[in-house]
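Next up, final_17.pdb (PDB, C-alpha atoms):
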```pdb
MODEL        1
ATOM      1  CA  MET A1250     -28.054  -3.496  47.573
ATOM      2  CA  LYS A1251     -27.226  -6.717  45.679
ATOM      3  CA  ASN A1252     -29.054  -5.380  42.591
ATOM      4  CA  ILE A1253     -27.067  -2.109  42.671
ATOM      5  CA  LEU A1254     -23.788  -4.019  43.047
ATOM      6  CA  ALA A1255     -24.708  -6.399  40.183
ATOM      7  CA  ALA A1256     -25.679  -3.455  37.980
ATOM      8  CA  ALA A1257     -22.363  -1.717  38.731
ATOM      9  CA  VAL A1258     -20.378  -4.872  37.830
ATOM     10  CA  LEU A1259     -22.297  -5.267  34.563
ATOM     11  CA  ALA A1260     -21.843  -1.606  33.674
ATOM     12  CA  THR A1261     -18.095  -1.710  34.215
ATOM     13  CA  SER A1262     -17.702  -4.952  32.260
ATOM     14  CA  PHE A1263     -19.416  -3.392  29.221
ATOM     15  CA  ALA A1264     -17.366  -0.210  29.578
ATOM     16  CA  ALA A1265     -14.039  -2.089  29.688
ATOM     17  CA  PRO A1266     -12.075  -2.063  26.441
ATOM     18  CA  ALA A1267     -12.204  -5.207  24.358
ATOM     19  CA  ILE A1268      -9.099  -7.350  24.386
ATOM     20  CA  ALA A1269      -7.554  -7.523  20.933
ATOM     21  CA  SER A1270      -7.845 -10.918  19.280
ATOM     22  CA  THR A1271      -5.207 -10.457  16.593
ATOM     23  CA  GLU A1272      -3.843 -13.706  15.213
ATOM     24  CA  ASN A1273      -0.769 -14.027  13.032
ATOM     25  CA  TYR A1274      -1.111 -15.745   9.656
ATOM     26  CA  VAL A1275       1.525 -16.570   7.053
ATOM     27  CA  LEU A1276       0.801 -16.636   3.345
ATOM     28  CA  ASP A1277       0.400 -19.993   1.660
ATOM     29  CA  ALA A1278       2.850 -19.513  -1.210
ATOM     30  CA  SER A1279       1.275 -22.322  -3.241
ATOM     31  CA  HIS A1280      -2.160 -20.639  -3.254
ATOM     32  CA  SER A1281      -1.292 -16.937  -3.368
ATOM     33  CA  GLN A1282      -0.857 -14.989  -6.573
ATOM     34  CA  ILE A1283      -0.855 -11.493  -7.995
ATOM     35  CA  LEU A1284      -2.086 -11.078 -11.561
ATOM     36  CA  PHE A1285      -1.528  -7.888 -13.517
ATOM     37  CA  SER A1286      -2.775  -6.762 -16.902
ATOM     38  CA  TYR A1287      -2.331  -3.828 -19.252
ATOM     39  CA  ASN A1288      -3.522  -2.756 -22.685
ATOM     40  CA  HIS A1289      -1.026  -3.399 -25.476
ATOM     41  CA  LEU A1290      -1.403  -0.860 -28.293
ATOM     42  CA  GLY A1291      -5.190  -1.237 -28.213
ATOM     43  CA  TYR A1292      -4.909  -4.717 -29.725
ATOM     44  CA  SER A1293      -4.867  -6.935 -26.659
ATOM     45  CA  THR A1294      -4.772  -7.238 -22.912
ATOM     46  CA  THR A1295      -1.442  -8.657 -21.779
ATOM     47  CA  TRP A1296      -1.191 -10.576 -18.501
ATOM     48  CA  GLY A1297       1.555 -11.397 -16.039
ATOM     49  CA  MET A1298       1.785 -12.937 -12.603
ATOM     50  CA  PHE A1299       3.770 -13.121  -9.397
ATOM     51  CA  SER A1300       3.423 -16.279  -7.325
ATOM     52  CA  GLY A1301       5.208 -18.135  -4.548
ATOM     53  CA  PHE A1302       5.766 -15.012  -2.461
ATOM     54  CA  GLU A1303       6.003 -14.551   1.302
ATOM     55  CA  GLY A1304       4.081 -12.413   3.713
ATOM     56  CA  GLU A1305       2.309 -12.105   7.029
ATOM     57  CA  ILE A1306      -1.130 -10.940   8.082
ATOM     58  CA  ALA A1307      -1.933  -9.880  11.633
ATOM     59  CA  PHE A1308      -5.683 -10.534  11.428
ATOM     60  CA  ASP A1309      -8.208  -9.377  13.998
ATOM     61  CA  GLN A1310     -11.616 -10.813  13.050
ATOM     62  CA  GLU A1311     -13.374  -8.822  15.793
ATOM     63  CA  ASP A1312     -11.774  -5.530  14.725
ATOM     64  CA  PRO A1313     -10.516  -5.883  11.128
ATOM     65  CA  ALA A1314      -9.347  -2.247  11.099
ATOM     66  CA  ALA A1315      -6.694  -3.295  13.656
ATOM     67  CA  SER A1316      -5.248  -5.868  11.223
ATOM     68  CA  SER A1317      -2.107  -5.420   9.137
ATOM     69  CA  VAL A1318      -0.454  -6.921   6.048
ATOM     70  CA  ASN A1319       3.189  -7.228   5.022
ATOM     71  CA  VAL A1320       4.237  -8.888   1.726
ATOM     72  CA  SER A1321       7.496  -9.067  -0.213
ATOM     73  CA  PHE A1322       8.773 -10.857  -3.310
ATOM     74  CA  PRO A1323      11.586 -10.551  -5.856
ATOM     75  CA  VAL A1324      10.854  -8.580  -9.027
ATOM     76  CA  ARG A1325      12.504 -11.407 -10.933
ATOM     77  CA  SER A1326       9.793 -13.837  -9.780
ATOM     78  CA  MET A1327       7.531 -12.246 -12.398
ATOM     79  CA  PHE A1328       6.008 -14.681 -14.885
ATOM     80  CA  THR A1329       4.980 -13.259 -18.270
ATOM     81  CA  GLY A1330       4.533 -16.454 -20.285
ATOM     82  CA  TRP A1331       7.153 -15.375 -22.815
ATOM     83  CA  GLU A1332      10.858 -15.303 -21.983
ATOM     84  CA  ALA A1333      11.655 -12.401 -24.333
ATOM     85  CA  ARG A1334       8.995 -10.229 -22.637
ATOM     86  CA  PHE A1335      10.351 -11.103 -19.188
ATOM     87  CA  ASN A1336      13.884 -10.216 -20.305
ATOM     88  CA  HIS A1337      12.624  -6.908 -21.710
ATOM     89  CA  PHE A1338      10.862  -6.077 -18.417
ATOM     90  CA  MET A1339      14.098  -6.757 -16.527
ATOM     91  CA  ASP A1340      16.250  -4.537 -18.771
ATOM     92  CA  GLU A1341      16.829  -0.776 -18.549
ATOM     93  CA  ASP A1342      13.597   0.099 -20.440
ATOM     94  CA  PHE A1343      11.698  -1.003 -17.324
ATOM     95  CA  PHE A1344      13.119  -2.391 -14.075
ATOM     96  CA  GLY A1345      16.796  -2.929 -14.776
ATOM     97  CA  ALA A1346      16.354  -5.370 -11.903
ATOM     98  CA  ASP A1347      19.208  -7.186 -10.262
ATOM     99  CA  GLU A1348      18.766 -10.571  -8.576
ATOM    100  CA  ASP A1349      18.018  -9.074  -5.147
ATOM    101  CA  GLU A1350      15.477  -6.368  -6.030
ATOM    102  CA  MET A1351      12.281  -6.784  -4.016
ATOM    103  CA  VAL A1352       8.703  -5.574  -4.292
ATOM    104  CA  THR A1353       7.169  -4.869  -0.878
ATOM    105  CA  PHE A1354       3.769  -3.859   0.454
ATOM    106  CA  THR A1355       3.234  -2.786   4.060
ATOM    107  CA  SER A1356      -0.228  -1.725   5.166
ATOM    108  CA  THR A1357      -0.607   1.636   6.906
ATOM    109  CA  GLY A1358      -4.358   1.590   7.554
ATOM    110  CA  ILE A1359      -7.542  -0.382   7.015
ATOM    111  CA  GLU A1360     -10.996   1.097   6.494
ATOM    112  CA  VAL A1361     -13.769  -1.463   6.926
ATOM    113  CA  THR A1362     -16.443  -0.909   4.256
ATOM    114  CA  GLY A1363     -18.760  -3.903   4.833
ATOM    115  CA  ASP A1364     -19.132  -7.236   6.596
ATOM    116  CA  THR A1365     -16.405  -8.805   4.457
ATOM    117  CA  THR A1366     -14.867  -5.825   2.634
ATOM    118  CA  ALA A1367     -12.260  -3.193   3.405
ATOM    119  CA  LEU A1368      -9.949  -0.661   1.806
ATOM    120  CA  ILE A1369      -6.353  -1.446   2.740
ATOM    121  CA  THR A1370      -3.979   1.494   2.349
ATOM    122  CA  GLY A1371      -0.293   0.731   2.288
ATOM    123  CA  ASP A1372       3.161   1.607   1.060
ATOM    124  CA  LEU A1373       4.110  -0.194  -2.154
ATOM    125  CA  THR A1374       7.801  -0.163  -2.998
ATOM    126  CA  LEU A1375       8.531  -1.041  -6.607
ATOM    127  CA  ASN A1376      11.607  -0.195  -8.655
ATOM    128  CA  GLY A1377      13.077   1.550  -5.603
ATOM    129  CA  ILE A1378      10.111   3.967  -5.375
ATOM    130  CA  THR A1379       7.550   3.948  -2.560
ATOM    131  CA  LYS A1380       3.993   5.153  -3.160
ATOM    132  CA  SER A1381       0.789   4.855  -1.166
ATOM    133  CA  VAL A1382      -1.763   2.552  -2.817
ATOM    134  CA  VAL A1383      -5.230   1.356  -1.834
ATOM    135  CA  LEU A1384      -6.340  -2.264  -2.176
ATOM    136  CA  ASP A1385     -10.076  -2.958  -2.446
ATOM    137  CA  ALA A1386     -10.153  -6.173  -0.405
ATOM    138  CA  THR A1387     -12.662  -8.930   0.308
ATOM    139  CA  LEU A1388     -12.463 -11.604   2.995
ATOM    140  CA  ASN A1389     -13.494 -14.794   1.172
ATOM    141  CA  GLN A1390     -13.565 -17.201   4.074
ATOM    142  CA  THR A1391     -12.036 -18.136   7.420
ATOM    143  CA  GLY A1392     -12.161 -21.450   9.233
ATOM    144  CA  ASP A1393     -10.340 -24.699   9.725
ATOM    145  CA  HIS A1394      -8.713 -25.909   6.520
ATOM    146  CA  PRO A1395     -10.240 -29.327   5.704
ATOM    147  CA  MET A1396      -6.877 -30.920   4.845
ATOM    148  CA  GLN A1397      -4.415 -28.954   6.977
ATOM    149  CA  GLU A1398      -6.705 -29.054  10.034
ATOM    150  CA  LYS A1399      -5.771 -25.602  11.283
ATOM    151  CA  PRO A1400      -7.190 -22.070  10.957
ATOM    152  CA  TRP A1401      -7.029 -20.646   7.440
ATOM    153  CA  ALA A1402      -8.122 -17.421   5.751
ATOM    154  CA  GLY A1403      -8.591 -16.345   2.131
ATOM    155  CA  PHE A1404      -8.685 -12.844   0.667
ATOM    156  CA  ASP A1405      -9.057 -11.207  -2.755
ATOM    157  CA  ALA A1406      -8.106  -7.629  -3.608
ATOM    158  CA  THR A1407      -7.841  -5.317  -6.602
ATOM    159  CA  THR A1408      -6.119  -2.044  -7.372
ATOM    160  CA  THR A1409      -4.950   0.029 -10.319
ATOM    161  CA  LEU A1410      -1.380   1.285 -10.556
ATOM    162  CA  LEU A1411       0.276   3.774 -12.873
ATOM    163  CA  ARG A1412       3.544   2.454 -14.275
ATOM    164  CA  SER A1413       4.872   5.990 -14.541
ATOM    165  CA  ASP A1414       4.533   6.436 -10.750
ATOM    166  CA  PHE A1415       7.270   3.807 -10.385
ATOM    167  CA  GLU A1416       9.410   4.939 -13.347
ATOM    168  CA  VAL A1417       8.572   1.867 -15.459
ATOM    169  CA  GLY A1418       6.290   3.760 -17.853
ATOM    170  CA  ALA A1419       8.180   3.085 -21.098
ATOM    171  CA  PHE A1420       6.108   3.278 -24.295
ATOM    172  CA  ALA A1421       3.098   4.940 -22.613
ATOM    173  CA  PRO A1422       0.494   5.857 -23.738
ATOM    174  CA  PHE A1423       0.743   3.248 -26.534
ATOM    175  CA  VAL A1424       1.187   0.570 -23.907
ATOM    176  CA  SER A1425      -1.201   1.647 -21.160
ATOM    177  CA  ASP A1426       0.236   3.457 -18.173
ATOM    178  CA  GLU A1427      -2.553   1.911 -16.070
ATOM    179  CA  VAL A1428      -1.984  -1.620 -14.809
ATOM    180  CA  GLU A1429      -4.891  -3.564 -13.324
ATOM    181  CA  VAL A1430      -3.869  -5.733 -10.387
ATOM    182  CA  MET A1431      -5.818  -8.703  -8.986
ATOM    183  CA  ILE A1432      -4.639 -10.437  -5.821
ATOM    184  CA  SER A1433      -5.840 -13.718  -4.335
ATOM    185  CA  ILE A1434      -4.181 -15.148  -1.246
ATOM    186  CA  GLU A1435      -4.590 -17.881   1.308
ATOM    187  CA  ALA A1436      -2.940 -17.735   4.707
ATOM    188  CA  SER A1437      -2.572 -20.181   7.579
ATOM    189  CA  ILE A1438      -2.314 -19.502  11.270
ATOM    190  CA  ALA A1439       1.326 -19.102  12.274
ATOM    191  CA  GLU A1440       2.681 -21.935  14.369
TER     192      GLU A1440
ENDMDL
END
```
Could you express the structure from this file as structure tokens?
Amino acid sequence: MKNILAAAVLATSFAAPAIASTENYVLDASHSQILFSYNHLGYSTTWGMFSGFEGEIAFDQEDPAASSVNVSFPVRSMFTGWEARFNHFMDEDFFGADEDEMVTFTSTGIEVTGDTTALITGDLTLNGITKSVVLDATLNQTGDHPMQEKPWAGFDATTTLLRSDFEVGAFAPFVSDEVEVMISIEASIAE
């Protein structure tokens, strides 16, 4: 009788749903950046960057598909390395961006593709237009940060966007419509 009772307890404990272990992380603005590049007239690859942005990750290490990402930053935080190029990007040929215009990304689903990889689908809002995009993401590392002494996580991701999808496609195809995007972020456990 004891064996049957023990077997029943074990069976029900394995059948019970797992308790979610989602933890909230905030982006480390000093170690998070988005790089973008595009072909300029076939002569060169031109680069730009966004850095210092804010965001949150609800990260479930046991069930990464249950995680989520939310990031936002001002368009005008773009760094191009040349003031005249930045000013051109902010004028009516491209963004026509005012001081308050934001870029946002909110995940809508995560497909785990490997032990440390996933495809993160989400809504990207840029230039007032929202489109679904897919980030090819890699978990670099999790663990206690050696200097901050608290849980930390690092991720990389890539995607390709079409400027014309967001109505900033001026001068295409001479300046490539495709923009390659590389993302690298660090995030700390929320306190």
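Residue nearest Phe1299 (chain A) within the list A:Ile1359, A:Ile1369, A:Met1431, A:Leu1411: A:Met1431 [criterion: smallest interatomic distance, all atoms listed in the file].
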Q: Any chance you could resolve the PyMOL selection byres ((chain A and resi 1363) around 12) against this file and give the residues as an MDAnalysis selection string?
A: chainID A and resid 1313:1314 1359:1362 1364:1368 1385:1388
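Atom pair CA of Glu1429 (chain A) / CA of Ser1381 (chain A) has a distance of 15.8 Å (rounded to one decimal).
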Do a neighbour search on Asp1393 (chain A) at 12 Å with only C-alpha atoms, toss out local chain neighbours closer than 6 positions, and write the hits as a PDB file with C-alpha atoms, in the frame of the given file.
```
ATOM      1  CA  LYS A1399      -5.771 -25.602  11.283  1.00  0.00           C
ATOM      2  CA  PRO A1400      -7.190 -22.070  10.957  1.00  0.00           C
ATOM      3  CA  TRP A1401      -7.029 -20.646   7.440  1.00  0.00           C
ATOM      4  CA  ALA A1402      -8.122 -17.421   5.751  1.00  0.00           C
ATOM      5  CA  GLY A1403      -8.591 -16.345   2.131  1.00  0.00           C
ATOM      6  CA  ALA A1436      -2.940 -17.735   4.707  1.00  0.00           C
ATOM      7  CA  SER A1437      -2.572 -20.181   7.579  1.00  0.00           C
ATOM      8  CA  ILE A1438      -2.314 -19.502  11.270  1.00  0.00           C
TER       9      ILE A1438
END
```
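With all atoms listed in the file as the basis for measurement, A:Phe1308 is the residue among A:Phe1285, A:Phe1343, A:Phe1308, A:Phe1420 that approaches Asn1273 (chain A) most closely.
In this comparison, which uses all atoms listed in the file, the residue of A:Ser1300, A:Thr1391, A:Asn1336, A:Thr1355 approaching Thr1379 (chain A) most closely is A:Thr1355.
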Q.
Expand the PyMOL selection byres ((chain A and resi 1303) around 12) into the explicit residue set it covers here, and present it as a ChimeraX atom specification.
A. /A:1274-1283,1299-1302,1304-1306,1318-1323,1326,1351-1354,1434-1436
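Relative to CA of Gly1377 (chain A), CA of Ser1356 (chain A) is found at 17.4 Å.
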Residue members of the PyMOL selection byres ((chain A and resi 1270) around 10) in the file shown, as an mmCIF file with C-alpha atoms, in the frame of the given file:
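Writing the result to out.cif gives the following:
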```cif
data_model
loop_
_atom_site.group_PDB
_atom_site.id
_atom_site.type_symbol
_atom_site.label_atom_id
_atom_site.label_comp_id
_atom_site.auth_asym_id
_atom_site.auth_seq_id
_atom_site.Cartn_x
_atom_site.Cartn_y
_atom_site.Cartn_z
ATOM 1 C CA ALA A 1267 -12.204 -5.207 24.358
ATOM 2 C CA ILE A 1268 -9.099 -7.350 24.386
ATOM 3 C CA ALA A 1269 -7.554 -7.523 20.933
ATOM 4 C CA THR A 1271 -5.207 -10.457 16.593
ATOM 5 C CA GLU A 1272 -3.843 -13.706 15.213
ATOM 6 C CA ASN A 1273 -0.769 -14.027 13.032
ATOM 7 C CA ALA A 1307 -1.933 -9.880 11.633
ATOM 8 C CA PHE A 1308 -5.683 -10.534 11.428
ATOM 9 C CA ASP A 1309 -8.208 -9.377 13.998
ATOM 10 C CA GLN A 1310 -11.616 -10.813 13.050
ATOM 11 C CA GLU A 1311 -13.374 -8.822 15.793
ATOM 12 C CA ASP A 1312 -11.774 -5.530 14.725
ATOM 13 C CA PRO A 1313 -10.516 -5.883 11.128
ATOM 14 C CA ALA A 1315 -6.694 -3.295 13.656
ATOM 15 C CA SER A 1316 -5.248 -5.868 11.223
#
```
Q: Write out as an NGL selection string the residues lying within 9 Å of Val1430 (chain A), counting only C-alpha atoms and excluding same-chain residues fewer than 5 positions away.
A: :A and (1283-1286 or 1406-1410)
Write the residues of the preceding selection, restricted to C-alpha atoms, as a CSV table (one decimal), in the coordinates of the input.
```csv
chain,number,residue,atom,x,y,z
A,1283,ILE,CA,-0.9,-11.5,-8.0
A,1284,LEU,CA,-2.1,-11.1,-11.6
A,1285,PHE,CA,-1.5,-7.9,-13.5
A,1286,SER,CA,-2.8,-6.8,-16.9
A,1406,ALA,CA,-8.1,-7.6,-3.6
A,1407,THR,CA,-7.8,-5.3,-6.6
A,1408,THR,CA,-6.1,-2.0,-7.4
A,1409,THR,CA,-5.0,0.0,-10.3
A,1410,LEU,CA,-1.4,1.3,-10.6
```
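Protein and nucleic acid residues near (-3.4, -3.5, -25.6) are Ser1286, Tyr1287, Asn1288, His1289, Leu1290, Gly1291, Tyr1292, Ser1293, Thr1294, Thr1295, Trp1296, Phe1420, Ala1421, Pro1422, Phe1423, Val1424, Ser1425, Asp1426, Glu1427 and Val1428 of chain A, the criterion being any atom at most 12 Å away using only C-alpha atoms.
Atom pair CA of Asp1347 (chain A) / CA of Val1382 (chain A) has a distance of 24.3 Å (rounded to one decimal).
Restricting the calculation to all atoms listed in the file, the smallest distance between Asp1372 (chain A) and any of A:Ala1419, A:Ser1317, A:Thr1357, A:Ile1432 is found for A:Thr1357.
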